[in-house]
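K.L.:
Got a file for you: my_file_33.cif, mmCIF, N, CA and C atoms.
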```cif
data_final
loop_
_atom_site.label_atom_id
_atom_site.label_comp_id
_atom_site.auth_asym_id
_atom_site.auth_seq_id
_atom_site.Cartn_x
_atom_site.Cartn_y
_atom_site.Cartn_z
N MET A 1 14.70 8.82 -5.64
CA MET A 1 13.79 8.83 -4.51
C MET A 1 12.52 9.57 -4.88
N TYR A 2 11.77 9.94 -3.89
CA TYR A 2 10.49 10.61 -4.08
C TYR A 2 10.70 12.00 -4.68
N ASP A 3 9.99 12.28 -5.73
CA ASP A 3 10.08 13.59 -6.40
C ASP A 3 8.81 14.36 -6.09
N PRO A 4 8.89 15.39 -5.23
CA PRO A 4 7.68 16.11 -4.83
C PRO A 4 6.99 16.83 -5.99
N GLU A 5 7.74 17.16 -7.04
CA GLU A 5 7.13 17.86 -8.18
C GLU A 5 6.20 16.93 -8.96
N THR A 6 6.61 15.70 -9.18
CA THR A 6 5.77 14.76 -9.93
C THR A 6 4.91 13.90 -9.01
N GLN A 7 5.24 13.86 -7.73
CA GLN A 7 4.55 13.07 -6.73
C GLN A 7 4.52 11.59 -7.10
N ILE A 8 5.56 11.13 -7.75
CA ILE A 8 5.68 9.72 -8.09
C ILE A 8 6.83 9.13 -7.27
N GLU A 9 6.51 8.10 -6.52
CA GLU A 9 7.52 7.42 -5.72
C GLU A 9 7.96 6.19 -6.49
N PRO A 10 9.26 6.05 -6.77
CA PRO A 10 9.71 4.90 -7.56
C PRO A 10 9.56 3.59 -6.81
N ARG A 11 9.28 2.53 -7.57
CA ARG A 11 9.20 1.19 -6.97
C ARG A 11 10.58 0.66 -6.65
N GLY A 12 11.54 0.95 -7.53
CA GLY A 12 12.88 0.42 -7.37
C GLY A 12 13.81 1.40 -6.68
N LEU A 13 14.54 0.90 -5.70
CA LEU A 13 15.50 1.74 -4.98
C LEU A 13 16.91 1.39 -5.42
N SER A 14 17.76 2.38 -5.46
CA SER A 14 19.18 2.14 -5.76
C SER A 14 19.81 1.40 -4.59
N THR A 15 21.05 0.97 -4.77
CA THR A 15 21.76 0.28 -3.69
C THR A 15 21.89 1.18 -2.47
N ALA A 16 22.25 2.44 -2.69
CA ALA A 16 22.42 3.38 -1.57
C ALA A 16 21.09 3.61 -0.85
N ALA A 17 20.01 3.79 -1.60
CA ALA A 17 18.70 4.02 -1.00
C ALA A 17 18.22 2.77 -0.26
N ALA A 18 18.44 1.60 -0.85
CA ALA A 18 18.05 0.34 -0.20
C ALA A 18 18.84 0.14 1.09
N ALA A 19 20.11 0.47 1.08
CA ALA A 19 20.94 0.33 2.28
C ALA A 19 20.40 1.23 3.39
N ARG A 20 20.05 2.48 3.07
CA ARG A 20 19.47 3.39 4.07
C ARG A 20 18.14 2.83 4.57
N TYR A 21 17.31 2.34 3.68
CA TYR A 21 15.99 1.80 4.04
C TYR A 21 16.12 0.61 4.99
N LEU A 22 17.12 -0.25 4.73
CA LEU A 22 17.31 -1.46 5.55
C LEU A 22 18.18 -1.23 6.78
N GLY A 23 18.91 -0.11 6.79
CA GLY A 23 19.85 0.12 7.89
C GLY A 23 21.11 -0.71 7.75
N LEU A 24 21.48 -1.02 6.51
CA LEU A 24 22.68 -1.80 6.22
C LEU A 24 23.66 -0.95 5.44
N SER A 25 24.87 -1.44 5.28
CA SER A 25 25.85 -0.72 4.48
C SER A 25 25.71 -1.07 3.00
N THR A 26 26.09 -0.15 2.15
CA THR A 26 26.10 -0.44 0.71
C THR A 26 27.08 -1.55 0.41
N SER A 27 28.15 -1.60 1.17
CA SER A 27 29.16 -2.64 0.99
C SER A 27 28.56 -4.03 1.20
N PHE A 28 27.72 -4.18 2.23
CA PHE A 28 27.09 -5.48 2.47
C PHE A 28 26.22 -5.87 1.29
N LEU A 29 25.40 -4.93 0.79
CA LEU A 29 24.51 -5.26 -0.33
C LEU A 29 25.31 -5.63 -1.58
N GLU A 30 26.39 -4.92 -1.82
CA GLU A 30 27.23 -5.23 -2.99
C GLU A 30 27.85 -6.62 -2.85
N LYS A 31 28.36 -6.94 -1.67
CA LYS A 31 28.97 -8.26 -1.45
C LYS A 31 27.92 -9.37 -1.49
N ALA A 32 26.73 -9.09 -0.94
CA ALA A 32 25.67 -10.10 -0.94
C ALA A 32 25.23 -10.42 -2.37
N ARG A 33 25.23 -9.43 -3.25
CA ARG A 33 24.87 -9.68 -4.65
C ARG A 33 25.86 -10.64 -5.30
N LEU A 34 27.11 -10.59 -4.85
CA LEU A 34 28.15 -11.45 -5.41
C LEU A 34 28.34 -12.73 -4.60
N ASN A 35 27.44 -12.97 -3.65
CA ASN A 35 27.52 -14.15 -2.77
C ASN A 35 28.82 -14.23 -2.01
N GLN A 36 29.33 -13.07 -1.57
CA GLN A 36 30.57 -13.02 -0.80
C GLN A 36 30.31 -12.81 0.69
N THR A 37 29.09 -13.07 1.14
CA THR A 37 28.77 -12.95 2.56
C THR A 37 28.16 -14.25 3.04
N THR A 38 28.22 -14.47 4.34
CA THR A 38 27.61 -15.67 4.91
C THR A 38 26.10 -15.49 5.06
N THR A 39 25.64 -14.25 5.09
CA THR A 39 24.23 -13.94 5.20
C THR A 39 23.69 -13.59 3.82
N GLN A 40 22.56 -14.16 3.46
CA GLN A 40 21.96 -13.86 2.16
C GLN A 40 21.35 -12.47 2.19
N GLY A 41 21.58 -11.72 1.13
CA GLY A 41 21.03 -10.37 1.02
C GLY A 41 19.64 -10.39 0.41
N PRO A 42 19.03 -9.23 0.32
CA PRO A 42 17.69 -9.14 -0.26
C PRO A 42 17.73 -9.36 -1.77
N PRO A 43 16.60 -9.76 -2.36
CA PRO A 43 16.56 -9.93 -3.81
C PRO A 43 16.73 -8.59 -4.53
N PHE A 44 17.25 -8.63 -5.73
CA PHE A 44 17.46 -7.42 -6.51
C PHE A 44 17.14 -7.69 -7.97
N ARG A 45 17.02 -6.62 -8.74
CA ARG A 45 16.75 -6.71 -10.17
C ARG A 45 17.81 -5.94 -10.93
N ARG A 46 18.08 -6.36 -12.13
CA ARG A 46 18.97 -5.62 -13.02
C ARG A 46 18.14 -4.95 -14.10
N LYS A 47 18.35 -3.69 -14.32
CA LYS A 47 17.74 -2.94 -15.42
C LYS A 47 18.90 -2.35 -16.20
N GLY A 48 19.35 -3.09 -17.21
CA GLY A 48 20.55 -2.67 -17.92
C GLY A 48 21.73 -2.77 -16.96
N LYS A 49 22.40 -1.67 -16.72
CA LYS A 49 23.53 -1.65 -15.78
C LYS A 49 23.10 -1.30 -14.36
N ARG A 50 21.85 -0.88 -14.22
CA ARG A 50 21.37 -0.45 -12.91
C ARG A 50 20.93 -1.65 -12.07
N ILE A 51 21.16 -1.56 -10.78
CA ILE A 51 20.68 -2.53 -9.80
C ILE A 51 19.55 -1.88 -9.04
N LEU A 52 18.41 -2.55 -8.95
CA LEU A 52 17.26 -2.01 -8.24
C LEU A 52 16.76 -3.01 -7.21
N TYR A 53 16.32 -2.46 -6.10
CA TYR A 53 15.69 -3.26 -5.04
C TYR A 53 14.24 -2.79 -4.93
N LEU A 54 13.30 -3.71 -4.98
CA LEU A 54 11.89 -3.37 -4.86
C LEU A 54 11.51 -3.25 -3.39
N ARG A 55 10.77 -2.21 -3.09
CA ARG A 55 10.44 -1.91 -1.69
C ARG A 55 9.68 -3.06 -1.02
N ASN A 56 8.72 -3.68 -1.72
CA ASN A 56 7.97 -4.78 -1.10
C ASN A 56 8.88 -5.98 -0.81
N GLU A 57 9.88 -6.21 -1.65
CA GLU A 57 10.84 -7.30 -1.39
C GLU A 57 11.78 -6.95 -0.23
N LEU A 58 12.09 -5.68 -0.09
CA LEU A 58 12.91 -5.26 1.06
C LEU A 58 12.14 -5.43 2.35
N ASP A 59 10.84 -5.11 2.32
CA ASP A 59 10.00 -5.31 3.51
C ASP A 59 9.93 -6.79 3.88
N ALA A 60 9.78 -7.65 2.87
CA ALA A 60 9.74 -9.10 3.13
C ALA A 60 11.07 -9.58 3.69
N TYR A 61 12.17 -9.04 3.18
CA TYR A 61 13.50 -9.40 3.67
C TYR A 61 13.63 -9.02 5.16
N LEU A 62 13.16 -7.82 5.50
CA LEU A 62 13.22 -7.40 6.90
C LEU A 62 12.39 -8.31 7.79
N GLU A 63 11.20 -8.69 7.33
CA GLU A 63 10.34 -9.58 8.11
C GLU A 63 10.98 -10.95 8.31
N SER A 64 11.64 -11.46 7.28
CA SER A 64 12.23 -12.80 7.37
C SER A 64 13.51 -12.83 8.17
N SER A 65 14.15 -11.69 8.34
CA SER A 65 15.44 -11.68 9.04
C SER A 65 15.28 -11.39 10.53
N ASP A 66 14.05 -11.32 11.01
CA ASP A 66 13.83 -11.10 12.47
C ASP A 66 14.13 -12.31 13.27
#
```
Do you think you could lay out the structure here as structure tokens?

P.N.:
Amino acid sequence: MYDPETQIEPRGLSTAAAARYLGLSTSFLEKARLNQTTTQGPPFRRKGKRILYLRNELDAYLESSD
């Protein structure tokens, strides 16, 4: 998340941070990545073993799901 010492806000959010940002459960995001839900989840990126959600894509997901 935001590091006040460096004042750099990351572009990519972890699954837990993205879930808090969207107001969804981490379980939903994990299942949506595996296409195990009837509702499509937000887009995500893989960086090695890490899963990242970009804030602008999360905002677009929220706008489209209204």

K.L.:
Can you pull out every residue within 8 Å of Asn56 (chain A), counting only N, CA and C atoms, but drop anything in the same chain fewer than 4 positions away, and send it as a list in words?

P.N.:
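So, after excluding close chain neighbours, the residues are Arg11, Gly12, Ala60, Tyr61 and Leu62 of chain A.
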
K.L.:
Based on the backbone DSSP call, show me all residues of chain A assigned alpha helix (DSSP H), as a list in words.

P.N.:
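Matching residues, listed in order: Thr15, Ala16, Ala17, Ala18, Ala19, Arg20, Tyr21, Leu22, Thr26, Ser27, Phe28, Leu29, Glu30, Lys31, Ala32, Arg33, Arg55, Asn56, Glu57, Leu58, Asp59, Ala60, Tyr61, Leu62, Glu63 and Ser64 of chain A.
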
K.L.:
Give the strand (DSSP E) residues of chain A, as DSSP finds them on the backbone, and put them as a count of residues only.

P.N.:
10

K.L.:
With distances taken over only C-alpha atoms, which of A:Lys47, A:Thr26, A:Gln40, A:Tyr53 is nearest to Ser14 (chain A)?

P.N.:
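Looking only at the distances to Ser14 (chain A), the closest residue turns out to be A:Tyr53.
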
K.L.:
Rounded to one decimal place, report the atom N of Gly23 (chain A)-CA of Gly48 (chain A) distance in Å.

P.N.:
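Taking atom N of Gly23 (chain A) as the start and CA of Gly48 (chain A) as the end point, the length is 24.9 Å.
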
K.L.:
Might you pull out every residue within 10 Å of Ser25 (chain A), with only C-alpha atoms counted and same-chain residues fewer than 5 positions away left off, and present them as a PDB file with N, CA and C atoms, keeping the file's coordinate frame?

P.N.:
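The result, written out as selection-v8.pdb:
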```pdb
ATOM      1  N   THR A  15      21.050   0.970  -4.770  1.00  0.00           N
ATOM      2  CA  THR A  15      21.760   0.280  -3.690  1.00  0.00           C
ATOM      3  C   THR A  15      21.890   1.180  -2.470  1.00  0.00           C
ATOM      4  N   ALA A  16      22.250   2.440  -2.690  1.00  0.00           N
ATOM      5  CA  ALA A  16      22.420   3.380  -1.570  1.00  0.00           C
ATOM      6  C   ALA A  16      21.090   3.610  -0.850  1.00  0.00           C
ATOM      7  N   ALA A  18      18.440   1.600  -0.850  1.00  0.00           N
ATOM      8  CA  ALA A  18      18.050   0.340  -0.200  1.00  0.00           C
ATOM      9  C   ALA A  18      18.840   0.140   1.090  1.00  0.00           C
ATOM     10  N   ALA A  19      20.110   0.470   1.080  1.00  0.00           N
ATOM     11  CA  ALA A  19      20.940   0.330   2.280  1.00  0.00           C
ATOM     12  C   ALA A  19      20.400   1.230   3.390  1.00  0.00           C
ATOM     13  N   ARG A  20      20.050   2.480   3.070  1.00  0.00           N
ATOM     14  CA  ARG A  20      19.470   3.390   4.070  1.00  0.00           C
ATOM     15  C   ARG A  20      18.140   2.830   4.570  1.00  0.00           C
ATOM     16  N   GLU A  30      26.390  -4.920  -1.820  1.00  0.00           N
ATOM     17  CA  GLU A  30      27.230  -5.230  -2.990  1.00  0.00           C
ATOM     18  C   GLU A  30      27.850  -6.620  -2.850  1.00  0.00           C
TER      19      GLU A  30
END
```

K.L.:
Report, in Å with one decimal, the straight-line distance from CA of Glu63 (chain A) to CA of Lys49 (chain A).

P.N.:
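About the pair CA of Glu63 (chain A) and CA of Lys49 (chain A): they are 28.4 Å apart.
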
K.L.:
Give me, please, the distance in Å between atom N of Ala32 (chain A) and atom C of Asp59 (chain A), quoted to one decimal.

P.N.:
17.6 Å

K.L.:
Kindly extract all protein, DNA and RNA residues lying within 7 Å of the coordinates (15.6, -10.7, -3.0) given in the file, considering only N, CA and C atoms, and supply them as a PyMOL selection string.

P.N.:
chain A and resi 41-44+57-58

K.L.:
If I wrap all listed atoms of region 12-23 of chain A in a box with edges along x, y and z and add 4 Å on each side, what are its centre and edge lengths in Å to one decimal, as AutoDock Vina command-line options?

P.N.:
```
--center_x 17.0 --center_y 1.3 --center_z 0.2 --size_x 18.9 --size_y 13.5 --size_z 23.4
```
